[in-house]
$ cat structure24.pdb   # PDB, C-alpha atoms
ATOM      1  CA  MET J  13      92.782-103.319-116.427
ATOM      2  CA  ILE J  14      90.122-100.692-115.737
ATOM      3  CA  VAL J  15      91.221 -97.059-115.733
ATOM      4  CA  GLN J  16      88.751 -94.486-114.531
ATOM      5  CA  GLY J  17      88.597 -90.903-113.345
ATOM      6  CA  ASN J  18      86.395 -88.826-111.071
ATOM      7  CA  ASP J  19      82.683 -88.633-111.759
ATOM      8  CA  ALA J  20      81.740 -86.077-114.390
ATOM      9  CA  PRO J  21      78.724 -83.755-114.003
ATOM     10  CA  GLY J  22      75.663 -85.974-113.634
ATOM     11  CA  LEU J  23      76.184 -89.395-112.116
ATOM     12  CA  ALA J  24      77.186 -92.122-114.528
ATOM     13  CA  PRO J  25      76.263 -95.736-113.728
ATOM     14  CA  GLY J  26      78.525 -97.432-111.217
ATOM     15  CA  LEU J  27      79.366 -97.718-107.536
ATOM     16  CA  TYR J  28      80.182 -94.616-105.475
ATOM     17  CA  ILE J  29      81.923 -95.068-102.112
ATOM     18  CA  VAL J  30      80.821 -92.024-100.126
ATOM     19  CA  ALA J  31      82.449 -91.009 -96.847
ATOM     20  CA  GLY J  32      80.130 -89.313 -94.403
ATOM     21  CA  PRO J  33      80.766 -87.448 -91.136
ATOM     22  CA  ILE J  34      81.965 -89.318 -88.056
ATOM     23  CA  GLY J  35      79.883 -87.064 -85.844
ATOM     24  CA  ASN J  36      79.743 -83.457 -86.987
ATOM     25  CA  LEU J  37      77.416 -83.095 -89.977
ATOM     26  CA  GLY J  38      79.413 -80.048 -91.033
ATOM     27  CA  ASP J  39      82.138 -82.409 -92.214
ATOM     28  CA  LEU J  40      80.007 -83.760 -95.080
ATOM     29  CA  SER J  41      81.751 -82.599 -98.253
ATOM     30  CA  PRO J  42      79.836 -80.787-101.026
ATOM     31  CA  ARG J  43      80.796 -83.538-103.478
ATOM     32  CA  ALA J  44      79.566 -86.287-101.155
ATOM     33  CA  ALA J  45      76.293 -84.400-100.664
ATOM     34  CA  ARG J  46      75.828 -84.066-104.420
ATOM     35  CA  ILE J  47      76.328 -87.788-104.957
ATOM     36  CA  LEU J  48      73.805 -88.548-102.216
ATOM     37  CA  ARG J  49      71.291 -86.269-103.949
ATOM     38  CA  GLU J  50      71.838 -87.718-107.425
ATOM     39  CA  ALA J  51      72.446 -91.438-106.893
ATOM     40  CA  ASP J  52      69.651 -93.762-107.961
ATOM     41  CA  VAL J  53      69.842 -95.664-104.674
ATOM     42  CA  ILE J  54      71.749 -95.367-101.375
ATOM     43  CA  ALA J  55      73.097 -98.632 -99.926
ATOM     44  CA  CYS J  56      73.599 -98.224 -96.178
ATOM     45  CA  GLU J  57      74.055-100.099 -92.903
ATOM     46  CA  ASP J  58      71.127 -98.622 -90.976
ATOM     47  CA  THR J  59      68.429 -96.708 -92.835
ATOM     48  CA  ARG J  60      67.474 -94.798 -89.673
ATOM     49  CA  VAL J  61      70.997 -93.437 -89.284
ATOM     50  CA  THR J  62      71.426 -92.703 -92.983
ATOM     51  CA  ALA J  63      68.071 -90.905 -93.111
ATOM     52  CA  LYS J  64      69.588 -88.166 -90.932
ATOM     53  CA  LEU J  65      72.575 -87.915 -93.275
ATOM     54  CA  LEU J  66      70.325 -87.661 -96.328
ATOM     55  CA  ARG J  67      68.312 -84.878 -94.709
ATOM     56  CA  ALA J  68      71.542 -82.969 -94.089
ATOM     57  CA  ALA J  69      72.523 -83.489 -97.742
ATOM     58  CA  GLY J  70      69.092 -82.425 -99.010
ATOM     59  CA  SER J  71      68.542 -85.858-100.528
ATOM     60  CA  ASP J  72      65.312 -87.812-100.934
ATOM     61  CA  ARG J  73      66.868 -90.801-102.706
ATOM     62  CA  PRO J  74      65.663 -94.302-101.781
ATOM     63  CA  MET J  75      67.721 -96.400 -99.355
ATOM     64  CA  LEU J  76      68.509-100.104 -99.291
ATOM     65  CA  ALA J  77      69.929-101.858 -96.222
ATOM     66  CA  TYR J  78      73.306-103.428 -96.982
ATOM     67  CA  HIS J  79      75.071-104.837 -93.920
ATOM     68  CA  GLU J  80      76.744-107.964 -92.604
ATOM     69  CA  HIS J  81      73.496-109.924 -92.435
ATOM     70  CA  SER J  82      72.022-108.815 -95.761
ATOM     71  CA  ARG J  83      75.006-108.476 -98.081
ATOM     72  CA  ALA J  84      74.710-111.969 -99.584
ATOM     73  CA  GLU J  85      71.033-111.426-100.364
ATOM     74  CA  VAL J  86      71.249-107.785-101.456
ATOM     75  CA  GLY J  87      74.656-107.680-103.132
ATOM     76  CA  GLU J  88      73.708-109.300-106.430
ATOM     77  CA  GLY J  89      70.771-106.959-106.876
ATOM     78  CA  LEU J  90      73.020-103.961-106.287
ATOM     79  CA  LEU J  91      75.516-105.228-108.860
ATOM     80  CA  GLU J  92      72.749-105.585-111.429
ATOM     81  CA  ARG J  93      71.627-102.010-110.731
ATOM     82  CA  MET J  94      75.160-100.664-111.192
ATOM     83  CA  ALA J  95      75.234-101.816-114.800
ATOM     84  CA  SER J  96      72.789 -99.069-115.747
ATOM     85  CA  ARG J  97      72.321 -96.924-112.633
ATOM     86  CA  SER J  98      74.327 -95.220-109.906
ATOM     87  CA  VAL J  99      74.607 -96.798-106.450
ATOM     88  CA  ALA J 100      76.100 -94.888-103.503
ATOM     89  CA  LEU J 101      77.475 -96.893-100.570
ATOM     90  CA  VAL J 102      77.673 -95.213 -97.154
ATOM     91  CA  SER J 103      78.370 -96.433 -93.628
ATOM     92  CA  ASP J 104      76.807 -95.318 -90.360
ATOM     93  CA  ALA J 105      79.788 -93.006 -89.805
ATOM     94  CA  GLY J 106      82.949 -92.097 -91.686
ATOM     95  CA  THR J 107      84.501 -93.944 -94.597
ATOM     96  CA  PRO J 108      82.800 -97.131 -95.793
ATOM     97  CA  LEU J 109      84.731-100.437 -95.721
ATOM     98  CA  VAL J 110      86.862 -99.353 -92.716
ATOM     99  CA  SER J 111      85.731-102.039 -90.237
ATOM    100  CA  ASP J 112      82.491-102.170 -92.248
ATOM    101  CA  PRO J 113      81.207-104.626 -94.861
ATOM    102  CA  GLY J 114      81.625-103.719 -98.503
ATOM    103  CA  HIS J 115      84.917-104.927 -99.927
ATOM    104  CA  GLU J 116      83.186-107.941-101.520
ATOM    105  CA  LEU J 117      80.836-105.562-103.330
ATOM    106  CA  VAL J 118      83.721-103.420-104.568
ATOM    107  CA  ARG J 119      85.677-106.477-105.710
ATOM    108  CA  ALA J 120      82.693-107.937-107.546
ATOM    109  CA  ALA J 121      81.927-104.608-109.225
ATOM    110  CA  ARG J 122      85.469-104.231-110.492
ATOM    111  CA  GLN J 123      85.542-107.823-111.722
ATOM    112  CA  ARG J 124      82.459-107.066-113.807
ATOM    113  CA  GLY J 125      83.982-103.919-115.263
ATOM    114  CA  ILE J 126      81.722-101.596-113.263
ATOM    115  CA  PRO J 127      83.363 -98.243-112.412
ATOM    116  CA  VAL J 128      84.007 -97.694-108.699
ATOM    117  CA  THR J 129      84.471 -94.086-107.593
ATOM    118  CA  THR J 130      85.481 -92.707-104.205
ATOM    119  CA  ALA J 131      84.219 -89.538-102.576
ATOM    120  CA  PRO J 132      86.739 -89.467 -99.708
ATOM    121  CA  GLY J 133      86.219 -87.873 -96.360
ATOM    122  CA  PRO J 134      86.385 -88.414 -92.593
ATOM    123  CA  CYS J 135      87.797 -91.559 -90.986
ATOM    124  CA  ALA J 136      87.835 -91.930 -87.197
ATOM    125  CA  ALA J 137      91.130 -93.846 -87.174
ATOM    126  CA  ILE J 138      92.986 -91.106 -89.086
ATOM    127  CA  ALA J 139      91.276 -88.304 -87.180
ATOM    128  CA  ALA J 140      92.358 -89.816 -83.854
ATOM    129  CA  LEU J 141      95.915 -90.419 -85.068
ATOM    130  CA  SER J 142      96.222 -86.813 -86.215
ATOM    131  CA  ILE J 143      95.575 -85.416 -82.713
ATOM    132  CA  SER J 144      97.144 -88.165 -80.577
ATOM    133  CA  GLY J 145     100.762 -87.012 -80.706
ATOM    134  CA  LEU J 146     101.869 -90.609 -81.343
ATOM    135  CA  PRO J 147     104.188 -91.433 -84.275
ATOM    136  CA  SER J 148     102.205 -91.118 -87.486
ATOM    137  CA  ASP J 149     104.809 -91.915 -90.140
ATOM    138  CA  ARG J 150     104.014 -95.643 -89.917
ATOM    139  CA  PHE J 151     100.846 -97.037 -88.411
ATOM    140  CA  LEU J 152      98.681-100.154 -88.557
ATOM    141  CA  PHE J 153      94.901-100.127 -88.362
ATOM    142  CA  ALA J 154      93.777-103.368 -86.714
ATOM    143  CA  GLY J 155      90.033-102.740 -86.369
ATOM    144  CA  PHE J 156      88.298-104.447 -83.450
ATOM    145  CA  LEU J 157      90.224-107.009 -81.429
ATOM    146  CA  PRO J 158      88.451-110.361 -80.920
ATOM    147  CA  ALA J 159      85.897-110.434 -78.129
ATOM    148  CA  ARG J 160      87.105-113.710 -76.575
ATOM    149  CA  ALA J 161      90.106-113.331 -74.291
ATOM    150  CA  VAL J 162      92.215-116.138 -75.783
ATOM    151  CA  ALA J 163      91.746-114.941 -79.362
ATOM    152  CA  ARG J 164      92.301-111.330 -78.291
ATOM    153  CA  ASP J 165      95.586-112.189 -76.558
ATOM    154  CA  LYS J 166      96.814-114.095 -79.619
ATOM    155  CA  ALA J 167      95.988-111.126 -81.838
ATOM    156  CA  ILE J 168      97.870-108.756 -79.526
ATOM    157  CA  ALA J 169     100.892-111.083 -79.438
ATOM    158  CA  ALA J 170     101.010-111.096 -83.248
ATOM    159  CA  LEU J 171     101.190-107.287 -83.255
ATOM    160  CA  ALA J 172     103.551-106.834 -80.303
ATOM    161  CA  ALA J 173     106.867-106.537 -82.143
ATOM    162  CA  LEU J 174     105.681-104.377 -85.045
ATOM    163  CA  PRO J 175     107.382-100.965 -84.992
ATOM    164  CA  PHE J 176     104.214 -99.051 -85.815
ATOM    165  CA  THR J 177     101.564 -97.094 -83.970
ATOM    166  CA  LEU J 178      98.628 -99.476 -83.587
ATOM    167  CA  ILE J 179      95.056 -98.240 -84.067
ATOM    168  CA  PHE J 180      91.997-100.116 -82.831
ATOM    169  CA  TYR J 181      88.283 -99.475 -82.646
ATOM    170  CA  GLU J 182      86.654-100.403 -79.352
ATOM    171  CA  SER J 183      83.380-100.127 -77.449
ATOM    172  CA  GLY J 184      83.017 -98.492 -74.048
ATOM    173  CA  PRO J 185      82.073-101.640 -72.121
ATOM    174  CA  ARG J 186      85.082-103.568 -73.480
ATOM    175  CA  LEU J 187      87.651-100.772 -73.229
ATOM    176  CA  GLY J 188      88.934-101.505 -69.702
ATOM    177  CA  ALA J 189      89.539-105.200 -70.381
ATOM    178  CA  THR J 190      91.208-104.436 -73.713
ATOM    179  CA  LEU J 191      93.540-101.877 -72.140
ATOM    180  CA  ALA J 192      94.432-104.317 -69.352
ATOM    181  CA  ALA J 193      95.250-107.044 -71.886
ATOM    182  CA  LEU J 194      97.368-104.641 -73.934
ATOM    183  CA  ALA J 195      99.212-103.432 -70.833
ATOM    184  CA  THR J 196      99.967-107.020 -69.780
ATOM    185  CA  ALA J 197     101.267-107.973 -73.220
ATOM    186  CA  LEU J 198     102.983-104.753 -74.297
ATOM    187  CA  GLY J 199     104.017-103.067 -71.052
ATOM    188  CA  PRO J 200     103.727 -99.353 -70.303
ATOM    189  CA  ARG J 201     103.709 -98.083 -73.862
ATOM    190  CA  GLU J 202     102.363 -94.650 -74.701
ATOM    191  CA  ALA J 203      98.707 -94.795 -75.702
ATOM    192  CA  ALA J 204      95.656 -92.637 -76.319
ATOM    193  CA  VAL J 205      91.902 -93.075 -76.035
ATOM    194  CA  ALA J 206      89.845 -90.881 -78.372
ATOM    195  CA  ARG J 207      86.076 -90.725 -78.047
ATOM    196  CA  GLU J 208      83.194 -88.812 -79.599
ATOM    197  CA  LEU J 209      85.471 -87.307 -82.242
ATOM    198  CA  THR J 210      84.125 -84.104 -83.878
ATOM    199  CA  LYS J 211      81.138 -84.108 -81.493
ATOM    200  CA  LEU J 212      80.335 -81.729 -78.649
ATOM    201  CA  HIS J 213      81.971 -83.929 -76.009
ATOM    202  CA  GLU J 214      85.076 -84.890 -78.004
ATOM    203  CA  GLU J 215      87.805 -86.180 -75.693
ATOM    204  CA  LEU J 216      91.377 -87.422 -76.050
ATOM    205  CA  VAL J 217      93.093 -88.951 -73.010
ATOM    206  CA  THR J 218      96.762 -89.910 -73.205
ATOM    207  CA  GLY J 219      99.033 -91.879 -70.900
ATOM    208  CA  THR J 220     100.651 -95.280 -70.618
ATOM    209  CA  LEU J 221      98.624 -98.410 -71.232
ATOM    210  CA  THR J 222      98.902 -99.138 -67.518
ATOM    211  CA  ASP J 223      97.553 -95.709 -66.561
ATOM    212  CA  LEU J 224      94.701 -95.889 -69.037
ATOM    213  CA  ALA J 225      93.772 -99.427 -67.961
ATOM    214  CA  SER J 226      93.496 -98.172 -64.390
ATOM    215  CA  ARG J 227      91.458 -95.119 -65.430
ATOM    216  CA  TYR J 228      88.887 -96.999 -67.469
ATOM    217  CA  GLY J 229      88.873-100.321 -65.599
ATOM    218  CA  SER J 230      85.971 -99.406 -63.355
ATOM    219  CA  SER J 231      84.435 -96.524 -65.315
ATOM    220  CA  PRO J 232      83.790 -97.458 -68.942
ATOM    221  CA  PRO J 233      83.212 -94.401 -71.137
ATOM    222  CA  ARG J 234      80.349 -93.786 -73.523
ATOM    223  CA  GLY J 235      80.516 -93.130 -77.224
ATOM    224  CA  GLU J 236      82.543 -94.326 -80.190
ATOM    225  CA  ILE J 237      86.165 -95.020 -79.242
ATOM    226  CA  VAL J 238      89.471 -95.143 -81.074
ATOM    227  CA  LEU J 239      92.346 -96.694 -79.127
ATOM    228  CA  LEU J 240      95.918 -95.940 -80.196
ATOM    229  CA  VAL J 241      99.090 -97.619 -78.922
ATOM    230  CA  GLY J 242     102.558 -96.265 -79.616
ATOM    231  CA  PRO J 243     105.305 -98.462 -81.087
ATOM    232  CA  PRO J 244     107.765-100.344 -78.882
ATOM    233  CA  GLU J 245     111.179 -98.914 -78.172
ATOM    234  CA  ALA J 246     113.349 -99.330 -81.257
ATOM    235  CA  GLU J 247     115.805-101.750 -79.649
ATOM    236  CA  VAL J 248     112.958-103.987 -78.464
ATOM    237  CA  ALA J 249     111.224-104.036 -81.816
ATOM    238  CA  THR J 250     114.205-104.578 -84.080
ATOM    239  CA  ALA J 251     115.122-108.237 -83.644
ATOM    240  CA  ASP J 252     111.665-109.797 -83.671
ATOM    241  CA  ALA J 253     110.199-107.431 -86.247
ATOM    242  CA  LEU J 254     113.216-107.841 -88.515
ATOM    243  CA  ASP J 255     113.054-111.624 -88.469
ATOM    244  CA  GLN J 256     109.303-111.675 -89.035
ATOM    245  CA  ALA J 257     109.554-109.270 -91.953
ATOM    246  CA  LEU J 258     112.508-111.076 -93.521
ATOM    247  CA  GLU J 259     110.929-114.521 -93.196
ATOM    248  CA  ALA J 260     107.850-113.234 -94.991
ATOM    249  CA  ALA J 261     109.876-111.494 -97.706
ATOM    250  CA  LEU J 262     112.161-114.483 -98.301
ATOM    251  CA  ARG J 263     109.184-116.601 -99.295
ATOM    252  CA  THR J 264     108.857-114.592-102.513
ATOM    253  CA  MET J 265     112.170-112.743-102.934
ATOM    254  CA  ALA J 266     115.863-113.466-103.195
ATOM    255  CA  PRO J 267     117.886-112.370-100.129
ATOM    256  CA  GLY J 268     119.132-109.163-101.747
ATOM    257  CA  LYS J 269     115.693-107.956-102.769
ATOM    258  CA  ALA J 270     114.180-109.073 -99.484
ATOM    259  CA  ALA J 271     116.830-107.162 -97.547
ATOM    260  CA  ALA J 272     116.296-103.995 -99.588
ATOM    261  CA  SER J 273     112.536-104.124 -99.107
ATOM    262  CA  VAL J 274     112.658-104.818 -95.371
ATOM    263  CA  ALA J 275     115.444-102.300 -94.700
ATOM    264  CA  ALA J 276     113.373 -99.568 -96.345
ATOM    265  CA  ALA J 277     110.218-100.558 -94.439
ATOM    266  CA  LEU J 278     111.887-100.721 -91.014
ATOM    267  CA  GLY J 279     114.396 -97.931 -91.472
ATOM    268  CA  LEU J 280     117.412-100.186 -90.819
ATOM    269  CA  PRO J 281     120.847-100.323 -92.492
ATOM    270  CA  ARG J 282     120.640-102.445 -95.623
ATOM    271  CA  GLY J 283     123.955-104.218 -94.977
ATOM    272  CA  GLU J 284     122.853-105.438 -91.557
ATOM    273  CA  VAL J 285     119.505-106.571 -92.887
ATOM    274  CA  TYR J 286     121.173-108.439 -95.778
ATOM    275  CA  ALA J 287     123.485-110.252 -93.377
ATOM    276  CA  ARG J 288     120.515-111.331 -91.289
ATOM    277  CA  ALA J 289     118.645-112.419 -94.431
ATOM    278  CA  LEU J 290     121.539-114.700 -95.363
ATOM    279  CA  ASP J 291     121.576-116.161 -91.851
ATOM    280  CA  LEU J 292     117.875-116.946 -92.049
ATOM    281  CA  LYS J 293     118.229-118.357 -95.548
ATOM    282  CA  ASN J 294     121.033-120.679 -94.458
ATOM    283  CA  THR J 295     119.123-121.706 -91.344
ATOM    284  CA  ASN J 296     116.000-122.514 -93.360
ATOM    285  CA  PRO J 297     117.013-123.486 -96.902
ATOM    286  CA  GLU J 298     113.469-124.752 -97.574
ATOM    287  CA  SER J 299     112.107-121.212 -97.577
ATOM    288  CA  GLY J 300     112.157-121.191-101.380
ATOM    289  CA  ASP J 301     114.420-120.104-104.181
ATOM    290  CA  PRO J 302     112.711-117.150-105.892
ATOM    291  CA  ARG J 303     114.222-116.106-109.196
TER
END
$ encode --input "structure24.pdb" --output "structure tokens"
Amino acid sequence: MIVQGNDAPGLAPGLYIVAGPIGNLGDLSPRAARILREADVIACEDTRVTAKLLRAAGSDRPMLAYHEHSRAEVGEGLLERMASRSVALVSDAGTPLVSDPGHELVRAARQRGIPVTTAPGPCAAIAALSISGLPSDRFLFAGFLPARAVARDKAIAALAALPFTLIFYESGPRLGATLAALATALGPREAAVARELTKLHEELVTGTLTDLASRYGSSPPRGEIVLLVGPPEAEVATADALDQALEAALRTMAPGKAAASVAAALGLPRGEVYARALDLKNTNPESGDPR
């Protein structure tokens, strides 16, 4: 097990995950700016975009493109650098690894005993949730839905019964079709479309999925978009979500422990959940016998 703390004065060798602004350069933290000035190399998605960030941070450090198409080629070289030098990883906007490549690099670094440090900061998904007015005690970030209609509809169906606010990233040209698919599958749930967060033309539009699908169906917006969908009504969510959660928990837990875990997660009475767990266990005795 590797135990580590925050970076001390002067950057030690390792990997630094640095969150940048999602639009407003004023949101770059002093600590993030310092890391960008002191790191030996900056790994980034697009060097043209990151060049603007480095200018704002007062940094002249060299950049290396690390993205979906180069990670296999570049990753090993970055890992070798981290053994004796500091590498900062940034994304085009916000917190790296959130719908961006990078988790393989973090995993490999930790497996090699290389310290991984976070300089946290803005994230579009959390920023949108904080101003949406939708329930924020439990939420699920689902990234981008699949582009193909069949795969997209399957992904929506898998999320339909979950009693959480759902958060997606989406592009302007695809927004209308995505909202229409969500409205068809989920009905008139509360939803919000957030665009251009922290920028001059920041906008948040709320309404039902049906209303928003109609609004954006023929007039796709510009800019970076976060789409939020409120949870289903409690009585609709309970039965399906409970069974799904219990079936998953029963694969690795005894009924009592499974019931306790699921009851806490879904906010349901433990006795009722335990009774349902026993029903499912008796119906499907092959689900395992965890000790």
$ closest_residue --input "structure24.pdb" --among "J:Asp223, J:Glu214, J:Glu236, J:Asp165" --to "Asp104 (chain J)" --atoms "all atoms listed in the file"
J:Glu236
$ residues_around --input "structure24.pdb" --residues "Thr222 (chain J)" --least-positions-apart "4" --cutoff "8 Å" --atoms "all atoms listed in the file" --output "number ranges by chain"
J: 191-192, 195, 199-200, 226
$ atom_distance --input "structure24.pdb" --atom1 "CA of Ala139 (chain J)" --atom2 "CA of Ser273 (chain J)"
29.1 Å
$ resolve_selection --input "structure24.pdb" --expression "the PyMOL selection byres ((chain J and resi 147) around 12)" --output "PDB file with C-alpha atoms, keeping the file's coordinate frame"
ATOM      1  CA  ALA J 140      92.358 -89.816 -83.854  1.00  0.00           C
ATOM      2  CA  LEU J 141      95.915 -90.419 -85.068  1.00  0.00           C
ATOM      3  CA  SER J 142      96.222 -86.813 -86.215  1.00  0.00           C
ATOM      4  CA  ILE J 143      95.575 -85.416 -82.713  1.00  0.00           C
ATOM      5  CA  SER J 144      97.144 -88.165 -80.577  1.00  0.00           C
ATOM      6  CA  GLY J 145     100.762 -87.012 -80.706  1.00  0.00           C
ATOM      7  CA  LEU J 146     101.869 -90.609 -81.343  1.00  0.00           C
ATOM      8  CA  SER J 148     102.205 -91.118 -87.486  1.00  0.00           C
ATOM      9  CA  ASP J 149     104.809 -91.915 -90.140  1.00  0.00           C
ATOM     10  CA  ARG J 150     104.014 -95.643 -89.917  1.00  0.00           C
ATOM     11  CA  PHE J 151     100.846 -97.037 -88.411  1.00  0.00           C
ATOM     12  CA  LEU J 152      98.681-100.154 -88.557  1.00  0.00           C
ATOM     13  CA  PRO J 175     107.382-100.965 -84.992  1.00  0.00           C
ATOM     14  CA  PHE J 176     104.214 -99.051 -85.815  1.00  0.00           C
ATOM     15  CA  THR J 177     101.564 -97.094 -83.970  1.00  0.00           C
ATOM     16  CA  LEU J 178      98.628 -99.476 -83.587  1.00  0.00           C
ATOM     17  CA  ILE J 179      95.056 -98.240 -84.067  1.00  0.00           C
ATOM     18  CA  GLU J 202     102.363 -94.650 -74.701  1.00  0.00           C
ATOM     19  CA  ALA J 203      98.707 -94.795 -75.702  1.00  0.00           C
ATOM     20  CA  ALA J 204      95.656 -92.637 -76.319  1.00  0.00           C
ATOM     21  CA  LEU J 240      95.918 -95.940 -80.196  1.00  0.00           C
ATOM     22  CA  VAL J 241      99.090 -97.619 -78.922  1.00  0.00           C
ATOM     23  CA  GLY J 242     102.558 -96.265 -79.616  1.00  0.00           C
ATOM     24  CA  PRO J 243     105.305 -98.462 -81.087  1.00  0.00           C
ATOM     25  CA  PRO J 244     107.765-100.344 -78.882  1.00  0.00           C
ATOM     26  CA  GLU J 245     111.179 -98.914 -78.172  1.00  0.00           C
TER      27      GLU J 245
END
$ resolve_selection --input "structure24.pdb" --expression "the PyMOL selection byres ((chain J and resi 77) around 9)" --output "ChimeraX atom specification"
/J:54-59,75-76,78-79,82-83,86
$ closest_residue --input "structure24.pdb" --among "J:Leu48, J:Ser183, J:Val205, J:Gly87" --to "Ala63 (chain J)" --atoms "all atoms listed in the file"
J:Leu48
$ closest_residue --input "structure24.pdb" --among "J:Ala68, J:Leu212, J:Asp252, J:Glu85" --to "Ala170 (chain J)" --atoms "only C-alpha atoms"
J:Asp252
$ residues_around --input "structure24.pdb" --residues "Ala69 (chain J)" --least-positions-apart "5" --cutoff "10 Å" --atoms "only C-alpha atoms" --output "count of residues only"
12
$ residues_around --input "structure24.pdb" --residues "Pro25 (chain J)" --least-positions-apart "5" --cutoff "12 Å" --atoms "only C-alpha atoms" --output "list in words"
Asp19, Ala20, Ile47, Glu50, Ala51, Asp52, Val53, Leu90, Leu91, Glu92, Arg93, Met94, Ala95, Ser96, Arg97, Ser98, Val99, Ala100, Ala121, Gly125, Ile126, Pro127, Val128 and Thr129 of chain J
$ write_last_selection --input "structure24.pdb" --atoms "C-alpha atoms" --output "JSON list (two decimals), keeping the file's coordinate frame"
[["chain", "number", "residue", "atom", "x", "y", "z"],
["J", 19, "ASP", "CA", 82.68, -88.63, -111.76],
["J", 20, "ALA", "CA", 81.74, -86.08, -114.39],
["J", 47, "ILE", "CA", 76.33, -87.79, -104.96],
["J", 50, "GLU", "CA", 71.84, -87.72, -107.42],
["J", 51, "ALA", "CA", 72.45, -91.44, -106.89],
["J", 52, "ASP", "CA", 69.65, -93.76, -107.96],
["J", 53, "VAL", "CA", 69.84, -95.66, -104.67],
["J", 90, "LEU", "CA", 73.02, -103.96, -106.29],
["J", 91, "LEU", "CA", 75.52, -105.23, -108.86],
["J", 92, "GLU", "CA", 72.75, -105.58, -111.43],
["J", 93, "ARG", "CA", 71.63, -102.01, -110.73],
["J", 94, "MET", "CA", 75.16, -100.66, -111.19],
["J", 95, "ALA", "CA", 75.23, -101.82, -114.80],
["J", 96, "SER", "CA", 72.79, -99.07, -115.75],
["J", 97, "ARG", "CA", 72.32, -96.92, -112.63],
["J", 98, "SER", "CA", 74.33, -95.22, -109.91],
["J", 99, "VAL", "CA", 74.61, -96.80, -106.45],
["J", 100, "ALA", "CA", 76.10, -94.89, -103.50],
["J", 121, "ALA", "CA", 81.93, -104.61, -109.22],
["J", 125, "GLY", "CA", 83.98, -103.92, -115.26],
["J", 126, "ILE", "CA", 81.72, -101.60, -113.26],
["J", 127, "PRO", "CA", 83.36, -98.24, -112.41],
["J", 128, "VAL", "CA", 84.01, -97.69, -108.70],
["J", 129, "THR", "CA", 84.47, -94.09, -107.59]]
$ atom_distance --input "structure24.pdb" --atom1 "CA of Leu27 (chain J)" --atom2 "CA of Val110 (chain J)"
16.7 Å
$ closest_residue --input "structure24.pdb" --among "J:Thr130, J:Ala163, J:Ala189, J:Thr264" --to "Arg227 (chain J)" --atoms "only C-alpha atoms"
J:Ala189
$ resolve_selection --input "structure24.pdb" --expression "the PyMOL selection byres ((chain J and resi 258) around 9)" --output "list of chain:residue names"
J:Ala253, J:Leu254, J:Asp255, J:Gln256, J:Ala257, J:Glu259, J:Ala260, J:Ala261, J:Leu262, J:Arg263, J:Pro267, J:Ala270, J:Ala271, J:Ser273, J:Val274, J:Val285, J:Arg288, J:Ala289, J:Leu292
$ axis_aligned_box --input "structure24.pdb" --around "region 254-269 of chain J" --padding-each-side "6 Å" --output "AutoDock Vina command-line options"
--center_x 113.5 --center_y -112.2 --center_z -95.8 --size_x 23.3 --size_y 20.8 --size_z 26.7
$ closest_residue --input "structure24.pdb" --among "J:Thr62, J:Leu117, J:Pro134, J:Ile34" --to "Pro74 (chain J)" --atoms "only C-alpha atoms"
J:Thr62
